[in-house]
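Here is the structure we will look at, set down as structure tokens.
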Amino acid sequence: LKKSDQITLLIAGRICPWKGHENAITAIKKLIDRKPKLNDKLHLWIVGDIGRPQDQHYKNNLKKIVAEEKMTNHITFIGHQKNLHHYFMCADIFLHTSTIPEPFGLVVAEAMIQQCFVIGSSKGGTSDMIIDKQTGLNYDATARQAADELSLKIEYALNLSKEEPELFTTMKKKGYHKINNQFNIKIMIESLETSYHNIQDK
């Protein structure tokens with residue numbers, strides 16, 4: 001259950017080394033250090049689990065980082081969930097932290113279609129969905145200083161939600177419309193068929 005004054009961040013998907021969960025944990029720690037007032041409010045839900053036995057070490061290491069940084073009150077490992085709808089509805093911000101560019105990023109589209117504010121990678125297919133300061137916020141998740149940049153983006157989003165709530169809401173709505181209008185099944189099938197026809201013509 002989400003507490004009434006809780007600011008909830010959400011990551012959803014498979015837990016494996018290139019998904020960048022550690023950057024999210026570090027980013028939150030940096031933000032709380034800068035803004036102590038957030039200490040009792042900021043919380044990250046990590047929804048998902050490992051898909052392969054070899055990823056268990058990575059998950060264990062994430063939990064170790066959380067314990068060593070004394071972040072157990074701020075990070076919850078929820079595990080695999082079949083239905084993410086309620087999590088998207090409860091989350092204030094969805095984070096996409098993959099350190100390797102993804103060809104599409106389905107979970108990002110799922111978050112945006114639920115009108116959840118998204119901060120995600122400016123690399124790969126997600127860059128077609130997350131237009132910085134229009135449909136969400138983006139940052140270079142592949143960079144060495146990704147955690148620092150993510151921390152600043154989260155802070156910017158939280159300030160925006162308080163100081164310019166209408167703009168914050170508008171960005172979420174623009175994200176919804178972008179996914180609904182450009183990435184719906186009908187349009188994507190038509191685009192795929194056109195690509196096939198173009199290949200055949202050559």
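Every chain in the structure tokens takes a letter, A first, then B, and so on in the order presented; its residues are numbered from 1, and the ligands are numbered from 1 following the presented order.
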Could you produce a table of the residues of range 149-179 of chain A lying within 12 Å of range 105-108 of chain A, with the nearest pair of atoms per residue and their separation in Å rounded to one decimal, using only C-alpha atoms, ordered by chain and increasing residue number, as a tab-separated table?
```
residue	atom	partner	partner_atom	distance
A:Gly175	CA	A:Val108	CA	10.1
A:Tyr176	CA	A:Val108	CA	10.8
A:Lys178	CA	A:Val108	CA	11.9
A:Ile179	CA	A:Val108	CA	9.6
```
Identify, with DSSP run on backbone atoms, the residues in chain A assigned to helix (DSSP H, G or I), and express the list as a PyMOL selection string. chain A and resi 17-19+21-34+36-38+53-68+85-90+106-113+124-128+146-163+165-182+185-201
Could you check which of A:Thr142, A:Thr72, A:Leu95, A:Arg34 is closest to Trp18 in chain A, using only C-alpha atoms?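 Nearest to Trp18 in chain A: A:Thr142.
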Selected residue, from A:Leu150, A:Ala12, A:Leu62, A:Ile100, that lies nearest to Gly120 in chain A when counting only C-alpha atoms: A:Leu150
CA of Lys63 in chain A and CA of Lys82 in chain A are how many Å apart?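 About the pair CA of Lys63 in chain A and CA of Lys82 in chain A: they are 22.5 Å apart.
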Between CA of Tyr156 in chain A and CA of Asn180 in chain A, what distance in Å does the model show, to one decimal?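 We find that CA of Tyr156 in chain A and CA of Asn180 in chain A lie 25.9 Å from each other.
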Near-Phe88 in chain A list (8 Å; only C-alpha atoms; drop same-chain fewer than 3 positions) as a PyMOL selection string: chain A and resi 10+84-85+91+94+111+114+116
Which residues in range 64-166 of chain A does DSSP call strand (DSSP E or B)? List them as a PyMOL selection string. chain A and resi 75-79+93-95+117-121+132+136-139
Please determine, counting only C-alpha atoms, which residue among A:Gln200, A:Gln115, A:Ser151, A:Thr126 has the shortest atom-to-atom distance to Lys172 in chain A. A:Gln115
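The neighbours of Ala27 in chain A here are the residues that come within 8 Å of it, using only C-alpha atoms and leaving out any residue fewer than 2 positions away in the same chain; they are A:Asn23, A:Ala24, A:Ile25, A:Lys29, A:Lys30, A:Leu31, A:Ala147, A:Asp148, A:Glu149, A:Leu150, A:Ser151.
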Atom-to-atom span, CA of Lys35 in chain A and CA of Val66 in chain A, Å: 18.5 Å
Residues within 7 Å of range 50-52 of chain A, please, as a count of residues only. Count only C-alpha atoms; anything in the same chain fewer than 6 positions from it doesn't count. 3
Long-range neighbours of His74 in chain A as a PDB file with all heavy atoms, in the first residue's frame, 7 Å cut-off, only C-alpha atoms, 6 positions minimum in chain:
```pdb
ATOM      1  N   LEU A  42      10.358   9.758  -0.131  1.00  0.00           N
ATOM      2  CA  LEU A  42      10.760   9.152  -1.402  1.00  0.00           C
ATOM      3  C   LEU A  42      10.882   7.637  -1.286  1.00  0.00           C
ATOM      4  O   LEU A  42      11.545   7.125  -0.373  1.00  0.00           O
ATOM      5  CB  LEU A  42      12.091   9.754  -1.854  1.00  0.00           C
ATOM      6  CG  LEU A  42      12.400   9.757  -3.354  1.00  0.00           C
ATOM      7  CD1 LEU A  42      11.310  10.493  -4.126  1.00  0.00           C
ATOM      8  CD2 LEU A  42      13.749  10.413  -3.604  1.00  0.00           C
ATOM      9  N   HIS A  43      10.259   6.926  -2.209  1.00  0.00           N
ATOM     10  CA  HIS A  43      10.291   5.465  -2.164  1.00  0.00           C
ATOM     11  C   HIS A  43      10.309   4.900  -3.580  1.00  0.00           C
ATOM     12  O   HIS A  43       9.598   5.385  -4.463  1.00  0.00           O
ATOM     13  CB  HIS A  43       9.075   4.923  -1.412  1.00  0.00           C
ATOM     14  CG  HIS A  43       9.278   3.548  -0.881  1.00  0.00           C
ATOM     15  ND1 HIS A  43       9.658   3.291   0.411  1.00  0.00           N
ATOM     16  CD2 HIS A  43       9.179   2.343  -1.491  1.00  0.00           C
ATOM     17  CE1 HIS A  43       9.774   1.980   0.592  1.00  0.00           C
ATOM     18  NE2 HIS A  43       9.485   1.378  -0.557  1.00  0.00           N
ATOM     19  N   LEU A  44      11.142   3.877  -3.788  1.00  0.00           N
ATOM     20  CA  LEU A  44      11.241   3.211  -5.089  1.00  0.00           C
ATOM     21  C   LEU A  44      10.681   1.803  -4.986  1.00  0.00           C
ATOM     22  O   LEU A  44      11.093   1.016  -4.140  1.00  0.00           O
ATOM     23  CB  LEU A  44      12.706   3.147  -5.541  1.00  0.00           C
ATOM     24  CG  LEU A  44      12.994   2.293  -6.792  1.00  0.00           C
ATOM     25  CD1 LEU A  44      12.329   2.902  -8.025  1.00  0.00           C
ATOM     26  CD2 LEU A  44      14.490   2.134  -7.006  1.00  0.00           C
TER      27      LEU A  44
END
```
